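Containing mmCIF, C-alpha atoms and all ligand atoms: coords-v6.cif.
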data_work
#
loop_
_atom_site.label_atom_id
_atom_site.label_comp_id
_atom_site.auth_asym_id
_atom_site.auth_seq_id
_atom_site.Cartn_x
_atom_site.Cartn_y
_atom_site.Cartn_z
CA MET A 241 11.45 -113.88 17.89
CA VAL A 242 11.69 -117.23 16.13
CA THR A 243 8.78 -119.27 17.22
CA THR A 244 8.05 -122.92 17.76
CA LEU A 245 7.34 -124.53 14.44
CA ARG A 246 4.51 -126.91 13.79
CA ALA A 247 4.92 -129.78 11.40
CA SER A 248 1.49 -129.48 9.82
CA VAL A 249 1.38 -128.84 6.09
CA PRO A 250 -1.06 -126.05 5.25
CA GLU A 251 -3.54 -126.08 2.47
CA PHE A 252 -2.65 -123.76 -0.36
CA PRO A 253 -4.53 -120.63 0.68
CA SER A 254 -7.42 -119.77 -1.54
CA PRO A 255 -7.39 -116.22 -2.91
CA SER A 256 -9.25 -113.68 -0.82
CA LEU A 257 -11.05 -112.47 -3.90
CA LYS A 258 -13.94 -114.59 -4.98
CA THR A 259 -14.82 -114.29 -8.61
CA THR A 260 -18.51 -114.72 -9.15
CA ARG A 261 -19.53 -113.80 -12.67
CA GLY A 262 -18.73 -111.65 -15.65
CA TYR A 263 -21.02 -108.74 -16.58
CA PHE A 264 -21.19 -105.33 -18.18
CA ASN A 265 -20.80 -102.35 -15.86
CA SER A 266 -22.46 -98.98 -16.31
CA HIS A 267 -19.72 -97.91 -18.71
CA GLY A 268 -20.34 -100.88 -20.92
CA ASP A 269 -17.10 -102.59 -19.89
CA PHE A 270 -17.22 -106.30 -19.46
CA GLY A 271 -15.48 -107.47 -16.30
CA VAL A 272 -15.66 -109.63 -13.24
CA SER A 273 -17.51 -109.00 -10.02
CA VAL A 274 -15.34 -109.75 -7.02
CA SER A 275 -15.68 -109.31 -3.30
CA GLN A 276 -12.91 -108.00 -1.13
CA PHE A 277 -13.00 -106.60 2.39
CA GLY A 278 -16.71 -107.35 2.42
CA ARG A 279 -17.38 -105.05 -0.57
CA ARG A 280 -18.23 -105.90 -4.11
CA ARG A 281 -16.14 -104.32 -6.76
CA PHE A 282 -15.70 -104.50 -10.47
CA LEU A 283 -12.31 -105.81 -11.47
CA ILE A 284 -10.43 -103.88 -14.17
CA PRO A 285 -13.27 -101.41 -14.78
CA SER A 286 -11.32 -99.21 -17.17
CA ARG A 287 -10.70 -101.91 -19.74
CA VAL A 288 -12.99 -104.13 -21.68
CA PHE A 289 -12.15 -107.74 -21.07
CA ALA A 290 -13.95 -111.01 -20.91
CA VAL A 291 -13.55 -113.67 -18.26
CA SER A 292 -13.14 -116.20 -21.01
CA ASP A 293 -10.16 -114.26 -22.43
CA ILE A 294 -8.35 -114.33 -19.12
CA ASN A 295 -9.24 -117.94 -18.54
CA LYS A 296 -7.98 -118.83 -21.99
CA LEU A 297 -4.63 -117.21 -21.22
CA VAL A 298 -4.41 -119.00 -17.87
CA THR A 299 -5.20 -122.41 -19.31
CA GLU A 300 -2.62 -122.08 -22.05
CA PHE A 301 -0.27 -123.40 -19.39
CA ASP A 302 -1.19 -126.88 -18.20
CA PRO A 303 0.38 -127.84 -14.86
CA LYS A 304 -0.58 -131.47 -15.38
CA ILE A 305 1.90 -131.84 -18.22
CA PRO A 306 5.22 -132.94 -16.71
CA LEU A 307 8.18 -130.61 -17.15
CA GLU A 308 9.79 -132.96 -19.67
CA ARG A 309 6.90 -132.38 -22.08
CA ALA A 310 5.66 -128.99 -20.92
CA SER A 311 5.85 -125.65 -22.64
CA THR A 312 6.32 -122.49 -20.63
CA PRO A 313 3.37 -120.11 -20.10
CA PRO A 314 2.64 -117.91 -23.12
CA SER A 315 4.31 -114.52 -23.44
CA SER A 316 0.96 -112.80 -22.75
CA TRP A 317 1.40 -113.77 -19.07
CA TYR A 318 4.31 -111.33 -19.09
CA THR A 319 2.99 -108.60 -21.35
CA ASP A 320 -0.81 -108.29 -21.21
CA PRO A 321 -2.05 -105.40 -19.00
CA GLN A 322 -5.36 -107.16 -18.27
CA PHE A 323 -3.60 -110.33 -17.24
CA TYR A 324 -1.34 -108.22 -15.00
CA SER A 325 -4.30 -106.61 -13.19
CA PHE A 326 -6.01 -109.94 -12.75
CA GLU A 327 -2.80 -111.50 -11.46
CA LEU A 328 -2.27 -108.78 -8.84
CA ASP A 329 -5.66 -109.52 -7.35
CA ARG A 330 -5.28 -113.27 -7.39
CA VAL A 331 -1.63 -113.83 -6.57
CA PHE A 332 -0.75 -111.17 -4.03
CA TYR A 333 -3.77 -111.15 -1.74
CA GLY A 334 -4.74 -113.94 0.60
CA GLY A 335 -1.44 -115.43 1.79
CA TRP A 336 1.42 -114.10 3.87
CA GLN A 337 3.78 -111.75 2.03
CA ALA A 338 7.22 -110.61 3.18
CA VAL A 339 7.20 -106.80 3.23
CA GLY A 340 10.13 -105.78 5.43
CA TYR A 341 12.65 -106.84 8.06
CA SER A 342 12.22 -106.80 11.81
CA ASP A 343 14.95 -104.19 12.49
CA GLN A 344 12.72 -101.65 10.72
CA ILE A 345 10.35 -101.84 13.69
CA LYS A 346 12.87 -102.71 16.37
CA GLU A 347 11.92 -99.93 18.77
CA SER A 348 8.68 -98.31 19.86
CA ARG A 349 7.54 -95.60 17.42
CA ASP A 350 9.47 -97.14 14.48
CA PHE A 351 7.42 -97.43 11.31
CA PHE A 352 7.75 -98.22 7.62
CA THR A 353 5.38 -97.96 4.67
CA GLY A 354 5.00 -99.71 1.35
CA ARG A 355 2.63 -100.87 -1.35
CA LEU A 356 1.53 -104.38 -2.27
CA GLY A 357 -0.51 -104.42 -5.47
CA ASP A 358 -2.95 -101.60 -4.82
CA VAL A 359 -2.73 -101.97 -1.04
CA GLU A 360 -0.88 -99.13 0.68
CA TYR A 361 0.30 -100.24 4.11
CA VAL A 362 2.07 -98.90 7.18
CA VAL A 363 3.68 -101.13 9.81
CA CYS A 364 4.64 -99.71 13.22
CA ARG A 365 5.46 -100.56 16.82
CA ASP A 366 3.41 -98.69 19.41
CA ASP A 367 4.57 -97.28 22.75
CA ASN A 368 3.76 -100.59 24.45
CA GLY A 369 5.99 -102.49 22.04
CA LYS A 370 3.09 -104.01 20.10
CA ILE A 371 3.41 -104.31 16.32
CA HIS A 372 0.54 -103.10 14.13
CA ALA A 373 -0.12 -102.91 10.42
CA PHE A 374 -2.78 -100.76 8.76
CA HIS A 375 -4.00 -99.69 5.37
CA ASN A 376 -2.04 -96.43 5.03
CA VAL A 377 -5.11 -94.46 3.95
CA CYS A 378 -6.72 -91.59 5.85
CA SER A 379 -10.38 -92.15 6.73
CA HIS A 380 -11.24 -88.54 5.82
CA HIS A 381 -10.58 -88.16 2.08
CA ALA A 382 -8.23 -91.09 1.43
CA SER A 383 -4.88 -89.31 1.46
CA ILE A 384 -1.89 -91.58 1.95
CA LEU A 385 -1.13 -91.00 5.61
CA ALA A 386 2.52 -91.84 6.31
CA SER A 387 5.40 -92.04 3.88
CA GLY A 388 8.87 -93.58 3.94
CA ASN A 389 10.06 -94.93 7.27
CA GLY A 390 11.44 -93.66 10.56
CA LYS A 391 10.00 -92.78 13.95
CA LYS A 392 6.69 -91.15 14.81
CA SER A 393 4.66 -90.75 17.98
CA CYS A 394 1.43 -90.56 15.93
CA PHE A 395 0.38 -90.31 12.29
CA VAL A 396 -0.77 -86.84 11.24
CA CYS A 397 -2.44 -86.72 7.85
CA PRO A 398 -0.58 -84.23 5.62
CA TYR A 399 -3.85 -83.18 3.97
CA HIS A 400 -6.15 -81.83 6.72
CA GLY A 401 -4.38 -82.88 9.88
CA TRP A 402 -6.47 -85.77 11.15
CA THR A 403 -4.31 -87.58 13.69
CA TYR A 404 -4.12 -91.30 14.47
CA SER A 405 -2.38 -93.09 17.31
CA LEU A 406 0.17 -95.84 16.59
CA SER A 407 -2.52 -98.35 17.50
CA GLY A 408 -4.68 -96.99 14.69
CA SER A 409 -7.31 -94.99 16.60
CA LEU A 410 -8.37 -91.63 15.28
CA VAL A 411 -7.48 -89.27 18.14
CA LYS A 412 -8.11 -85.91 16.47
CA ALA A 413 -10.35 -84.93 13.57
CA THR A 414 -9.77 -81.25 12.83
CA ARG A 415 -12.68 -78.81 12.26
CA MET A 416 -15.39 -81.44 12.58
CA THR A 417 -17.40 -79.53 15.18
CA GLY A 418 -21.04 -79.40 14.08
CA ILE A 419 -20.82 -82.58 12.04
CA GLU A 420 -23.50 -85.08 13.00
CA ASN A 421 -23.35 -88.84 13.42
CA PHE A 422 -19.59 -88.68 13.58
CA ALA A 423 -17.72 -90.82 16.11
CA LEU A 424 -13.93 -90.76 16.33
CA ASN A 425 -13.84 -94.37 17.41
CA GLU A 426 -15.52 -95.50 14.21
CA MET A 427 -13.01 -93.79 11.94
CA GLY A 428 -9.74 -95.48 12.88
CA LEU A 429 -7.28 -96.99 10.44
CA LYS A 430 -8.22 -100.30 8.85
CA PRO A 431 -5.99 -103.03 10.30
CA LEU A 432 -4.02 -105.62 8.37
CA LYS A 433 -2.75 -108.92 9.70
CA VAL A 434 0.95 -108.76 10.51
CA ALA A 435 3.46 -111.36 11.66
CA VAL A 436 7.17 -111.57 12.35
CA TRP A 437 9.24 -114.66 11.57
CA GLY A 438 12.99 -114.54 12.08
CA HIS A 439 14.24 -111.39 10.38
CA PHE A 440 11.11 -110.93 8.30
CA VAL A 441 7.91 -108.90 8.68
CA LEU A 442 4.94 -110.45 6.91
CA LEU A 443 1.53 -109.07 5.96
CA LYS A 444 -1.64 -110.80 4.94
CA VAL A 445 -4.21 -108.81 2.98
CA THR A 446 -7.58 -110.13 4.08
CA GLN A 447 -10.53 -108.55 5.75
CA ALA A 448 -9.36 -108.00 9.32
CA THR A 449 -12.10 -108.54 11.84
CA SER A 450 -10.83 -107.07 15.06
CA ARG A 451 -8.29 -104.66 16.45
CA ASP A 452 -6.86 -107.24 18.81
CA GLY A 453 -4.89 -110.23 17.69
CA GLU A 454 -3.58 -108.46 14.60
CA VAL A 455 -0.05 -109.62 15.34
CA GLU A 456 0.50 -113.26 14.65
CA THR A 457 3.81 -114.74 15.64
CA ASP A 458 3.04 -118.36 16.33
CA GLY A 459 4.32 -121.35 14.45
CA LEU A 460 1.22 -121.52 12.33
CA VAL A 461 2.38 -118.41 10.46
CA ALA A 462 5.76 -119.97 9.69
CA SER A 463 4.05 -123.14 8.61
CA GLU A 464 1.52 -121.25 6.47
CA TRP A 465 4.21 -119.09 4.87
CA LEU A 466 7.02 -121.59 4.44
CA GLY A 467 5.28 -124.99 4.68
CA THR A 468 7.58 -127.94 5.39
CA SER A 469 10.64 -125.98 4.24
CA VAL A 470 10.86 -124.26 7.64
CA GLY A 471 13.23 -126.85 9.12
CA ARG A 472 15.53 -126.80 6.10
CA LEU A 473 15.64 -123.00 6.07
CA SER A 474 16.40 -122.82 9.78
CA GLN A 475 19.11 -125.44 9.31
CA GLY A 476 20.52 -123.30 6.49
CA GLY A 477 20.77 -120.37 8.90
CA VAL A 478 18.15 -117.99 7.51
CA ASP A 479 16.90 -117.22 11.02
CA SER A 480 20.30 -117.17 12.75
CA PRO A 481 21.35 -113.91 14.44
CA LEU A 482 22.59 -111.50 11.79
CA SER A 483 23.21 -107.77 11.67
CA TYR A 484 21.29 -105.67 9.18
CA ILE A 485 23.69 -103.87 6.84
CA CYS A 486 21.88 -102.00 4.07
CA ARG A 487 19.28 -101.88 1.31
CA ARG A 488 19.82 -101.63 -2.45
CA GLU A 489 17.01 -101.23 -5.01
CA TYR A 490 16.93 -102.04 -8.70
CA THR A 491 14.14 -100.86 -11.00
CA ILE A 492 13.99 -103.20 -13.96
CA ASP A 493 12.09 -102.89 -17.24
CA CYS A 494 10.54 -106.35 -17.08
CA ASN A 495 7.50 -108.12 -15.73
CA TRP A 496 8.03 -109.22 -12.12
CA LYS A 497 7.86 -112.89 -13.14
CA VAL A 498 10.81 -112.50 -15.52
CA PHE A 499 13.01 -111.72 -12.53
CA CYS A 500 11.57 -114.72 -10.64
CA ASP A 501 12.06 -117.04 -13.62
CA ASN A 502 15.67 -115.93 -13.92
CA TYR A 503 16.20 -116.76 -10.25
CA LEU A 504 14.54 -120.14 -10.67
CA ASP A 505 16.47 -121.65 -13.58
CA GLY A 506 18.53 -123.95 -11.36
CA GLY A 507 21.82 -122.16 -12.04
CA TYR A 508 21.41 -122.70 -15.81
CA HIS A 509 22.48 -119.17 -16.72
CA VAL A 510 25.35 -118.85 -14.26
CA PRO A 511 28.21 -120.15 -16.49
CA TYR A 512 27.15 -117.92 -19.39
CA ALA A 513 26.05 -114.73 -17.68
CA HIS A 514 27.90 -114.63 -14.33
CA LYS A 515 31.45 -115.71 -15.13
CA GLY A 516 32.77 -113.89 -12.04
CA LEU A 517 30.27 -115.56 -9.75
CA MET A 518 30.82 -118.98 -11.29
CA SER A 519 34.34 -119.37 -9.94
CA GLY A 520 32.96 -118.93 -6.41
CA LEU A 521 30.47 -121.79 -6.82
CA ASP A 522 30.84 -125.51 -7.47
CA LEU A 523 28.03 -125.96 -9.98
CA GLU A 524 28.54 -129.76 -9.99
CA THR A 525 26.96 -129.78 -6.54
CA TYR A 526 23.88 -127.74 -7.56
CA SER A 527 20.66 -129.27 -6.24
CA THR A 528 17.03 -128.24 -5.96
CA THR A 529 14.37 -129.26 -3.45
CA ILE A 530 10.73 -128.41 -4.00
CA PHE A 531 8.38 -127.75 -1.08
CA GLU A 532 4.74 -126.60 -1.14
CA LYS A 533 5.30 -122.92 -1.98
CA VAL A 534 9.03 -122.76 -1.54
CA SER A 535 11.87 -124.07 -3.67
CA ILE A 536 15.41 -124.27 -2.37
CA GLN A 537 18.43 -124.32 -4.64
CA GLU A 538 21.75 -125.17 -3.01
CA CYS A 539 25.30 -125.12 -4.25
CA GLY A 540 28.71 -125.79 -2.72
CA GLY A 541 31.40 -123.11 -2.71
CA GLY A 542 34.02 -123.01 -5.46
CA SER A 543 37.73 -122.41 -5.45
CA LYS A 544 37.58 -118.63 -5.53
CA VAL A 545 39.18 -117.21 -2.44
CA GLY A 546 41.10 -114.00 -3.04
CA GLU A 547 44.84 -113.86 -2.38
CA ASP A 548 43.97 -111.71 0.59
CA GLY A 549 41.54 -114.39 1.85
CA PHE A 550 38.42 -112.52 0.62
CA ASP A 551 35.57 -115.05 0.41
CA ARG A 552 32.08 -113.60 0.13
CA LEU A 553 30.29 -116.83 -0.74
CA GLY A 554 31.74 -119.31 1.79
CA SER A 555 31.44 -123.08 1.45
CA GLN A 556 27.69 -123.41 0.89
CA ALA A 557 25.07 -121.23 -0.75
CA LEU A 558 21.32 -121.60 -0.26
CA TYR A 559 18.83 -119.81 -2.52
CA ALA A 560 15.24 -120.06 -1.31
CA PHE A 561 12.30 -118.80 -3.35
CA VAL A 562 9.13 -118.14 -1.35
CA TYR A 563 6.15 -117.90 -3.67
CA PRO A 564 5.21 -115.53 -5.13
CA ASN A 565 7.94 -112.86 -4.97
CA PHE A 566 10.46 -113.26 -2.14
CA MET A 567 13.93 -114.75 -2.23
CA ILE A 568 16.27 -115.54 0.66
CA ASN A 569 19.93 -116.05 -0.19
CA ARG A 570 22.22 -117.38 2.54
CA TYR A 571 25.89 -117.83 1.73
CA GLY A 572 29.06 -117.64 3.83
CA PRO A 573 28.62 -114.88 6.42
CA TRP A 574 25.95 -113.13 4.33
CA MET A 575 22.22 -113.27 3.82
CA ASP A 576 20.40 -111.11 1.33
CA THR A 577 16.72 -111.03 0.56
CA ASN A 578 15.12 -109.95 -2.70
CA LEU A 579 11.57 -108.65 -2.71
CA VAL A 580 10.17 -108.28 -6.22
CA ARG A 581 7.54 -105.54 -6.35
CA PRO A 582 5.41 -105.49 -9.50
CA LEU A 583 5.12 -101.92 -10.85
CA GLY A 584 3.26 -102.65 -14.08
CA PRO A 585 3.11 -105.28 -16.80
CA ARG A 586 6.68 -104.51 -17.85
CA LYS A 587 8.27 -102.90 -14.80
CA CYS A 588 9.27 -104.12 -11.35
CA LYS A 589 11.46 -103.02 -8.48
CA VAL A 590 13.64 -105.51 -6.68
CA VAL A 591 14.52 -104.57 -3.11
CA PHE A 592 17.70 -106.18 -1.75
CA ASP A 593 18.26 -106.20 2.01
CA TYR A 594 21.70 -107.33 3.20
CA PHE A 595 22.41 -109.02 6.55
CA LEU A 596 25.82 -110.11 7.82
CA ASP A 597 27.34 -112.24 10.55
CA PRO A 598 27.67 -109.85 13.52
CA SER A 599 31.41 -110.59 13.84
CA LEU A 600 31.97 -108.85 10.47
CA LYS A 601 29.55 -105.96 10.77
CA ASP A 602 32.33 -103.42 11.32
CA ASP A 603 34.63 -104.76 8.59
CA GLU A 604 34.02 -101.93 6.15
CA ALA A 605 36.46 -103.18 3.51
CA PHE A 606 34.84 -106.64 3.44
CA ILE A 607 31.35 -105.15 3.27
CA LYS A 608 32.26 -102.69 0.50
CA ARG A 609 33.90 -105.35 -1.63
CA SER A 610 31.10 -107.86 -1.06
CA LEU A 611 28.44 -105.32 -2.02
CA GLU A 612 30.36 -104.35 -5.16
CA GLU A 613 30.54 -108.02 -6.22
CA SER A 614 26.88 -108.52 -5.46
CA ASP A 615 25.95 -105.39 -7.42
CA ARG A 616 27.92 -106.64 -10.42
CA VAL A 617 25.91 -109.90 -10.39
CA GLN A 618 22.62 -107.97 -10.06
CA MET A 619 23.49 -105.70 -12.98
CA GLU A 620 24.23 -108.79 -15.09
CA ASP A 621 20.79 -110.11 -14.16
CA VAL A 622 19.14 -106.76 -14.97
CA VAL A 623 20.55 -106.96 -18.51
CA LEU A 624 19.26 -110.54 -18.88
CA CYS A 625 15.79 -109.73 -17.57
CA GLU A 626 15.31 -106.64 -19.74
CA SER A 627 16.47 -108.60 -22.76
CA VAL A 628 13.98 -111.39 -22.04
CA GLN A 629 11.14 -108.86 -21.65
CA ARG A 630 11.90 -107.38 -25.06
CA GLY A 631 11.99 -110.89 -26.52
CA LEU A 632 8.65 -111.78 -24.91
CA GLU A 633 7.14 -108.69 -26.55
CA SER A 634 8.39 -109.62 -30.00
CA GLN A 635 6.16 -111.34 -32.51
CA ALA A 636 8.69 -114.12 -32.89
CA TYR A 637 8.07 -115.73 -29.53
CA ASP A 638 5.12 -117.21 -27.71
CA LYS A 639 6.18 -120.19 -25.60
CA GLY A 640 9.45 -121.90 -24.73
CA ARG A 641 10.55 -125.21 -23.21
CA TYR A 642 12.13 -126.13 -19.89
CA ALA A 643 15.47 -127.80 -19.20
CA LEU A 644 15.45 -130.38 -16.39
CA VAL A 645 17.37 -128.04 -14.10
CA GLU A 646 14.57 -125.49 -14.43
CA LYS A 647 12.35 -127.52 -12.11
CA PRO A 648 11.90 -124.63 -9.63
CA MET A 649 10.70 -122.39 -12.48
CA HIS A 650 8.15 -125.01 -13.56
CA HIS A 651 7.00 -125.26 -9.93
CA PHE A 652 6.55 -121.45 -9.84
CA HIS A 653 4.42 -121.54 -12.99
CA CYS A 654 2.28 -124.36 -11.55
CA LEU A 655 1.66 -122.31 -8.38
CA LEU A 656 0.71 -119.29 -10.49
CA HIS A 657 -1.72 -121.41 -12.46
CA HIS A 658 -3.24 -122.66 -9.21
CA ASN A 659 -3.88 -119.08 -8.06
CA LEU A 660 -5.08 -117.80 -11.42
CA LYS A 661 -7.45 -120.49 -12.63
CA LEU A 662 -11.09 -119.49 -12.49
S1 LIG B 701 -7.53 -86.69 3.86
FE1 LIG B 701 -6.54 -86.97 5.75
S2 LIG B 701 -7.25 -85.32 6.94
FE2 LIG B 701 -8.25 -85.04 5.05
FE FE B 702 21.58 -114.43 -12.23
#

So that I can check it, write out the structure of this file as structure tokens.
Amino acid sequence: MVTTLRASVPEFPSPSLKTTRGYFNSHGDFGVSVSQFGRRRFLIPSRVFAVSDINKLVTEFDPKIPLERASTPPSSWYTDPQFYSFELDRVFYGGWQAVGYSDQIKESRDFFTGRLGDVEYVVCRDDNGKIHAFHNVCSHHASILASGNGKKSCFVCPYHGWTYSLSGSLVKATRMTGIENFALNEMGLKPLKVAVWGHFVLLKVTQATSRDGEVETDGLVASEWLGTSVGRLSQGGVDSPLSYICRREYTIDCNWKVFCDNYLDGGYHVPYAHKGLMSGLDLETYSTTIFEKVSIQECGGGSKVGEDGFDRLGSQALYAFVYPNFMINRYGPWMDTNLVRPLGPRKCKVVFDYFLDPSLKDDEAFIKRSLEESDRVQMEDVVLCESVQRGLESQAYDKGRYALVEKPMHHFHCLLHHNLKL
């Protein structure tokens, strides 16, 4: 599963959407013409906006100013609906994105679905064991084809019953007798690039060119996704054998970046907002390493071991942020991942997946107590994030400043700027 890793450092991938010019559409809205999947489309057609407005917002943050003198991005990055739409197109398409974990497609006929920006996707393993990913949209009248996750031998559209194989071919189109110039083999599902690295399933939203070679598992993917942090992450045990335990989801009333920022403040908020967690960490040992699109925060374990020997955090904790919206937390016998799904300018859902050292996978008491502790920390973060969102929306605030420990947050904002600049 884990593949040979290459040492090459990838270029920062350019966005798949190419902005060409601003113009008025037939409704009189001013927008941007972009190309995606070989088609031209008008970005944000329902709202009047000017390229210069977006560009002005983007350039209000200057990545060339060092952190010591820099201000944070303006609050409009976290509140403006037009900025949000623009950001979805530019930030989430083009590079590899973590969308699930490999146990979800462990066996033939396993599948799961999801949404990335406005891309609906389905990932599955066919009867020959091959992994596929497709746009989860029926070729007939665009119904979403599969929902949730589980096992299926084929995908039957719930609308009019068109049926697709797990390799994406249309195998039955109901009541199409008499229709001319219609070929089943031209109406299959549109493929997406998919890759597996360690425990993680990755997708890349670009125009796929062929049915074959959709699955990419070589070291180039790891190097493209994680850059030169791969070795450090492997050393930290993020790809070691672990048992999948469970999923927890938190819907939060904040922009997706507020959650990321909170994660990336170098432990700044821990002593004030997570008093319970603090005793399990030795914050004196907190350190941050910045890679191309990954930042890794590390911290030694604290003195907190329960009288009964309960120790969820162990002696070393590693918190890796993979731009733009994925976090990998490895501590003691646990690993949890946090996938931040944007749901609107001021709403996101954070999906937590928990993995545990196989030797403890049947220790129900340990798992229950660990998950309760973890949930307490998440709920503390939910309160912080929702509070920050309300503050960002107030007239009193526009920009803030960084503390030195907030280096990973500054790095995140610089990467965003790189993706967003026109
Ligand atoms: S939309 Fe899927 S069969 Fe009609
Ligand atoms: Fe926190």

Please return, as a CSV table (one decimal) with C-alpha atoms, in the frame of the given file, all polymer residues that have at least one atom within 10 Å of the point (-1.0, -106.2, -16.2); use all atoms listed in the file and the file's own coordinate frame.
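Written output follows (selection_9.csv):
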chain,number,residue,atom,x,y,z
A,284,ILE,CA,-10.4,-103.9,-14.2
A,316,SER,CA,1.0,-112.8,-22.8
A,317,TRP,CA,1.4,-113.8,-19.1
A,318,TYR,CA,4.3,-111.3,-19.1
A,319,THR,CA,3.0,-108.6,-21.4
A,320,ASP,CA,-0.8,-108.3,-21.2
A,321,PRO,CA,-2.0,-105.4,-19.0
A,322,GLN,CA,-5.4,-107.2,-18.3
A,323,PHE,CA,-3.6,-110.3,-17.2
A,324,TYR,CA,-1.3,-108.2,-15.0
A,325,SER,CA,-4.3,-106.6,-13.2
A,326,PHE,CA,-6.0,-109.9,-12.8
A,327,GLU,CA,-2.8,-111.5,-11.5
A,328,LEU,CA,-2.3,-108.8,-8.8
A,495,ASN,CA,7.5,-108.1,-15.7
A,582,PRO,CA,5.4,-105.5,-9.5
A,583,LEU,CA,5.1,-101.9,-10.8
A,584,GLY,CA,3.3,-102.6,-14.1
A,585,PRO,CA,3.1,-105.3,-16.8
A,586,ARG,CA,6.7,-104.5,-17.8
A,587,LYS,CA,8.3,-102.9,-14.8

Counting all atoms listed in the file, figure out which residue out of A:Lys497, A:Arg355, A:Lys601, A:Lys412 gets nearest to Ala386 in chain A.
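Checking each of A:Lys497, A:Arg355, A:Lys601, A:Lys412 against Ala386 in chain A, counting all atoms listed in the file, the winner is A:Arg355.
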
Taking only C-alpha atoms and all ligand atoms into account, which residues have an atom no farther than 12 Å from ligand LIG 701 (chain B)? I'd like them as an mmCIF file with C-alpha atoms, in the frame of the given file.
data_model
loop_
_atom_site.group_PDB
_atom_site.id
_atom_site.type_symbol
_atom_site.label_atom_id
_atom_site.label_comp_id
_atom_site.auth_asym_id
_atom_site.auth_seq_id
_atom_site.Cartn_x
_atom_site.Cartn_y
_atom_site.Cartn_z
ATOM 1 C CA ASN A 376 -2.040 -96.430 5.030
ATOM 2 C CA VAL A 377 -5.110 -94.460 3.950
ATOM 3 C CA CYS A 378 -6.720 -91.590 5.850
ATOM 4 C CA SER A 379 -10.380 -92.150 6.730
ATOM 5 C CA HIS A 380 -11.240 -88.540 5.820
ATOM 6 C CA HIS A 381 -10.580 -88.160 2.080
ATOM 7 C CA ALA A 382 -8.230 -91.090 1.430
ATOM 8 C CA SER A 383 -4.880 -89.310 1.460
ATOM 9 C CA ILE A 384 -1.890 -91.580 1.950
ATOM 10 C CA LEU A 385 -1.130 -91.000 5.610
ATOM 11 C CA ALA A 386 2.520 -91.840 6.310
ATOM 12 C CA PHE A 395 0.380 -90.310 12.290
ATOM 13 C CA VAL A 396 -0.770 -86.840 11.240
ATOM 14 C CA CYS A 397 -2.440 -86.720 7.850
ATOM 15 C CA PRO A 398 -0.580 -84.230 5.620
ATOM 16 C CA TYR A 399 -3.850 -83.180 3.970
ATOM 17 C CA HIS A 400 -6.150 -81.830 6.720
ATOM 18 C CA GLY A 401 -4.380 -82.880 9.880
ATOM 19 C CA TRP A 402 -6.470 -85.770 11.150
ATOM 20 C CA THR A 403 -4.310 -87.580 13.690
ATOM 21 C CA TYR A 404 -4.120 -91.300 14.470
ATOM 22 C CA LEU A 410 -8.370 -91.630 15.280
ATOM 23 C CA VAL A 411 -7.480 -89.270 18.140
ATOM 24 C CA LYS A 412 -8.110 -85.910 16.470
ATOM 25 C CA ALA A 413 -10.350 -84.930 13.570
ATOM 26 C CA THR A 414 -9.770 -81.250 12.830
ATOM 27 C CA ARG A 415 -12.680 -78.810 12.260
ATOM 28 C CA MET A 416 -15.390 -81.440 12.580
ATOM 29 C CA MET A 427 -13.010 -93.790 11.940
ATOM 30 C CA GLY A 428 -9.740 -95.480 12.880
ATOM 31 C CA LEU A 429 -7.280 -96.990 10.440
#

Spatial neighbours of Cys494 in chain A, 7 Å, all atoms listed in the file, chain gap at least 3 places, as a ChimeraX atom specification
/A:498,586-588,625-626,629

Which is closest to ligand FE 702 (chain B) among A:Gly340, A:Gly554, A:Gly541, A:Pro511, if we use only C-alpha atoms and all ligand atoms?
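Selected residue with least distance to ligand FE 702 (chain B): A:Pro511.
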
Nearest residue to Val363 in chain A from the set A:Leu432, A:Asn421, A:Asp615, A:Gly507 (distances using all atoms listed in the file):
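Closest residue, counting all atoms listed in the file: A:Leu432.
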
Counting only C-alpha atoms and all ligand atoms, name the residues that have an atom within 12 Å of an atom of ligand FE 702 (chain B); the answer should be given as a PyMOL selection string.
chain A and resi 498-518+559+614-625

Go through A:Ile371, A:Val436, A:Met567, A:Val534 and flag the residue nearest Leu655 in chain A, using all atoms listed in the file for the distances.
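Distance minimum relative to Leu655 in chain A lands on A:Val534.
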
What are the centre and edge lengths in Å, to one decimal, of the axis-aligned box around all listed atoms of range 573-588 of chain A with 6 Å added on each side, as JSON?
{"center_x": 15.9, "center_y": -108.4, "center_z": -5.7, "size_x": 37.5, "size_y": 25.0, "size_z": 36.3}
